[in-house]
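Trainee: For reference, the structure I am asking about is given below.
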Amino acid sequence: MKTYLRILQYARPFASFLPLYFVLTILTIVFSIFNFTLIVPLLNVLFNQTETATEIPKSLPGFSLSARFITDAFYYYFGQVIDAYGRMGALSFVCGAVVVSVFFSNLFRYLSLRLIAKVRARVIRGLRLDLYQRMLQLPLSFFSGERKGDLMSRFTSDVQEVETSVVNTLTGVIRDPLTIIFYFVVLFTISAKLTLFSLVLLPISGGIIATVSKRLRRQAKQSQQTLGTMLSVIDETLGGVRVIKAFNAQQYILGKFMAQNDQYARTSRNIDNTRDLASPFSEFAGVSVVAGLLYFGGSLVLGGESDLTAAKFIGYIILFSQVLTPAKALSSSFGNIQRGLVAGERVLSIIDIEPAIRDRPNAAVLPPFEREIEFQNLQFSYGETPVLYDINLTIRKGSTVALVGSSGGGKSTLADLLPRFYDPSAGQILIDGHDLRGCTLHSVRDQMGIVTQESILFNDTIFNNIRFNTQATEAEVVEAARIANAHEFIVASPDGYQTVIGDRGSRLSGGQRQRLSIARAILRNPPILILDEATSALDTESEKLVQEALQRLMQNRTSLVIAHRLSTVQHADEIVVLQHGRIVERGTHAELVQRPGGVYQRLSSMQTNAALV
């Protein structure tokens, strides 16, 4: 129930629709009930009982908002028609009243459905928006521990399940109980004894339906988890199709998919079997009650122990049979809603995650960079695993500092701490004396540009990828591309700057993708640059073009460069050697390469020998 109410919170403000929805629903129910109450006068006409019908008042009753007034007013006009036009006229009058009543019943029902459709769209839009916003706020550590396919399933199938199973049942949850209540009020006014008799089996059927719903919830949770795993396999297949084909692993990956697909099919089948049990059971229970009523009420009428006429008794039975429809729909709703509640819990579990990296209350805006970046006694751990120890480093404005060392030494982690992708476990990072944790994330990252080993591009045009999140003019985009050595291959593309580059830039070479990333960083014009292995995955010719672009990008900027190829950082103002999370050496290339037995000298010798071979 808690999850259901939370989902409905997205329908706020309730005052904009709930009162009108209640009015429309009640009017629908009233006219629906009126349809069936007309059966009694219709039967009286057919059985030639109109002359003795005691319900017909001699004068028009005084107006009041009550079912009694409506009934008496109808029977007054019914009597007038009988007097004026006889039984055929009365029959025509009743049939016309039925048509009018059905028209208004369906009209108000349609209007209520239009209103609820607006509410449904509002709920799903708000839920999906909150989920997407939370995704953008979550730290990088969250995504490294989650399957992308499972996250995608929460956006798609889970949200769709919430719409289908929760929001769509909103009409039933409100309308069906109201319908049952109104019907029973009318039934009590006709015969309290028969109505009390019909209520005997309701607690029994309700208990059985509750048991079925609990089982559905358990099965639905397993189903949604299986679907998330299956989508992850699909995502991995699409991303690694080249490797799958190269290793002849089609059957292997097909086996993984089939296992998840079969499990999802089994759980879905079990859910359908369990869910479909609720409706037949409620119908069987209802028909059993009707059969009991027919026997009990019929014996009273035939024995003369009831004041009900035959027409009234038949009308009562027909009216009571209509209670079965909303009761059946309500039991089905409780069954259907369980799968949606599980999906809602999966969506809300992401929305409820509090971002570890967020602005502090009253966080300040970081002023423009003027002097230096300082890492003071910095330490960082991934969970319980220490990665960086006692890092002390100062980067002067306009200088280039390179981080080198073997893989796993902590270079990328140190660079990720600067734009606050993570916050240090101990120590602090200062820019011009301002602790970054006390500054807004937007103002910190607004002063930084990042070029990584893997070029992150979007399935859009070249122009939009370079112009990304700026208001740059076409001339400025072209100039940035020229500086990044990208203009020539861009104009040679089929549609020039309007060429769509495919998913993650798949239609471009590695060097071309990297030059677009550099052009994007140039256009941003940040005072601080972070270059993470920007040339390590390129061939010699592409590396030369990218390196030239990087040199232009780094001019008059403060740069933190991570590199495995030491040849790319020989001109850095300072080279910092990291090993096992600690700074073991620092200095210029000339100083470090002359240090006997040093880590940098060993790395330089290894790369020089590898190049000669």
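All residue names refer to the structure tokens as shown: chains lettered A, B, ... in order, residues numbered from 1 in each chain, ligands numbered from 1 in order.
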If we count only C-alpha atoms, what is near A:Pro177 at a cut-off of 9 Å, once residues fewer than 4 positions away on the same chain are taken out, given as a list in words?
Mentor: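 That gives Gly172, Val173, Ile181, Phe182, Pro326, Ala327 and Leu330 of chain A.
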Trainee: In Å, rounded to a single decimal, give me how far atom CA of A:Leu8 is from atom CA of A:Asp176.
Mentor: 17.7 Å
Trainee: Of the candidates A:Val599, A:Ala572, A:Ile190, A:Ile528, which shows the shortest atom-to-atom distance to A:Arg371, using only C-alpha atoms?
Mentor: A:Ile528
Trainee: Any chance you could list, as a ChimeraX atom specification, the residues in stretch 297-497 of chain A that come up alpha helix (DSSP H) when DSSP is run on the backbone?
Mentor: /A:297-302,310-321,324-351,411-417,441-445,462-466,474-483,487-491
Trainee: Do you know which residues are at most 7 Å from A:Ala356 counting only C-alpha atoms, after dropping those on the same chain fewer than 2 positions away, and could you put them as a PyMOL selection string?
Mentor: chain A and resi 139+354+358
Trainee: Tell me, as an MDAnalysis selection string, which residues lie within 10 Å of A:Val23, counting only C-alpha atoms; anything in the same chain fewer than 6 positions away does not count.
Mentor: chainID A and resid 29 108 112
Trainee: Leaving out A:Glu476 and any residue of its chain fewer than 3 positions from it, which residues lie within 10 Å of it when counting only C-alpha atoms, given as number ranges by chain?
Mentor: A: 466-467, 471-473, 479-482, 522-523
Trainee: Show me, as JSON lines, the residues of stretch 444-478 of chain A having an atom within 12 Å of stretch 427-437 of chain A, each with the closest atom pair and its distance in Å, using only C-alpha atoms.
Mentor:
{"residue": "A:Val444", "atom": "CA", "partner": "A:Leu436", "partner_atom": "CA", "distance": 7.1}
{"residue": "A:Arg445", "atom": "CA", "partner": "A:Leu436", "partner_atom": "CA", "distance": 10.2}
{"residue": "A:Gln447", "atom": "CA", "partner": "A:Ile431", "partner_atom": "CA", "distance": 10.7}
{"residue": "A:Met448", "atom": "CA", "partner": "A:Ile431", "partner_atom": "CA", "distance": 11.9}
Trainee: Could you take the residues named above and write them with all heavy atoms, as a CSV table (one decimal), in the first residue's frame?
Mentor:
chain,number,residue,atom,x,y,z
A,444,VAL,N,32.3,24.0,-10.1
A,444,VAL,CA,33.6,23.3,-10.2
A,444,VAL,C,33.8,22.7,-11.6
A,444,VAL,O,34.9,22.9,-12.2
A,444,VAL,CB,33.7,22.1,-9.1
A,444,VAL,CG1,34.9,21.3,-9.4
A,444,VAL,CG2,33.7,22.7,-7.7
A,445,ARG,N,32.8,22.0,-12.1
A,445,ARG,CA,33.0,21.3,-13.4
A,445,ARG,C,32.9,22.3,-14.6
A,445,ARG,O,33.4,22.0,-15.7
A,445,ARG,CB,31.9,20.2,-13.5
A,445,ARG,CG,32.1,19.1,-12.5
A,445,ARG,CD,30.9,18.2,-12.5
A,445,ARG,NE,31.1,17.1,-11.5
A,445,ARG,CZ,30.2,16.3,-11.1
A,445,ARG,NH1,29.0,16.3,-11.7
A,445,ARG,NH2,30.5,15.4,-10.2
A,447,GLN,N,34.6,24.8,-14.9
A,447,GLN,CA,36.0,25.3,-15.1
A,447,GLN,C,36.9,24.3,-15.7
A,447,GLN,O,38.1,24.5,-15.7
A,447,GLN,CB,36.6,26.0,-13.9
A,447,GLN,CG,35.7,27.2,-13.4
A,447,GLN,CD,36.5,28.0,-12.4
A,447,GLN,OE1,37.7,28.3,-12.6
A,447,GLN,NE2,35.8,28.4,-11.3
A,448,MET,N,36.4,23.1,-16.0
A,448,MET,CA,37.2,22.0,-16.4
A,448,MET,C,36.7,21.4,-17.7
A,448,MET,O,35.6,21.3,-18.0
A,448,MET,CB,37.2,20.9,-15.3
A,448,MET,CG,37.7,21.4,-14.0
A,448,MET,SD,37.7,20.1,-12.7
A,448,MET,CE,38.1,21.1,-11.3
Trainee: One decimal, in Å: what's the spacing between atom CA of A:Met135 and atom CA of A:Leu151?
Mentor: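 So the answer is 9.2 Å.
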Trainee: Might you pull out every residue within 9 Å of A:Leu170, with only C-alpha atoms counted and same-chain residues fewer than 6 positions away left off, and present them as a list of chain:residue names?
Mentor: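 These residues fall inside the cut-off: A:Leu8, A:Ile116, A:Arg120, A:Ser333.
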Trainee: Mind dumping the selected residues with N, CA, C and O atoms as a compact mmCIF listing (two decimals), in the first residue's frame?
Mentor:
# COMPACT_ATOMS: atom_id res chain seq x y z
N LEU A 8 0.90 7.25 -6.49
CA LEU A 8 -0.22 8.17 -6.69
C LEU A 8 0.15 9.61 -6.34
O LEU A 8 -0.53 10.55 -6.77
N ILE A 116 -9.09 10.50 -16.22
CA ILE A 116 -8.10 9.60 -15.63
C ILE A 116 -6.93 9.37 -16.59
O ILE A 116 -5.80 9.10 -16.16
N ARG A 120 -3.12 9.65 -15.60
CA ARG A 120 -2.17 8.57 -15.88
C ARG A 120 -0.92 9.11 -16.57
O ARG A 120 0.20 8.76 -16.21
N SER A 333 -8.26 -6.40 -10.32
CA SER A 333 -7.36 -5.26 -10.09
C SER A 333 -6.35 -5.57 -9.01
O SER A 333 -5.16 -5.25 -9.14
Trainee: Which of these, A:Asp235, A:Asp130, A:Glu372, A:Asp359, has the shortest distance to A:Val347 once you count only C-alpha atoms?
Mentor: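 Of A:Asp235, A:Asp130, A:Glu372, A:Asp359, the one nearest A:Val347, counting only C-alpha atoms, is A:Asp130.
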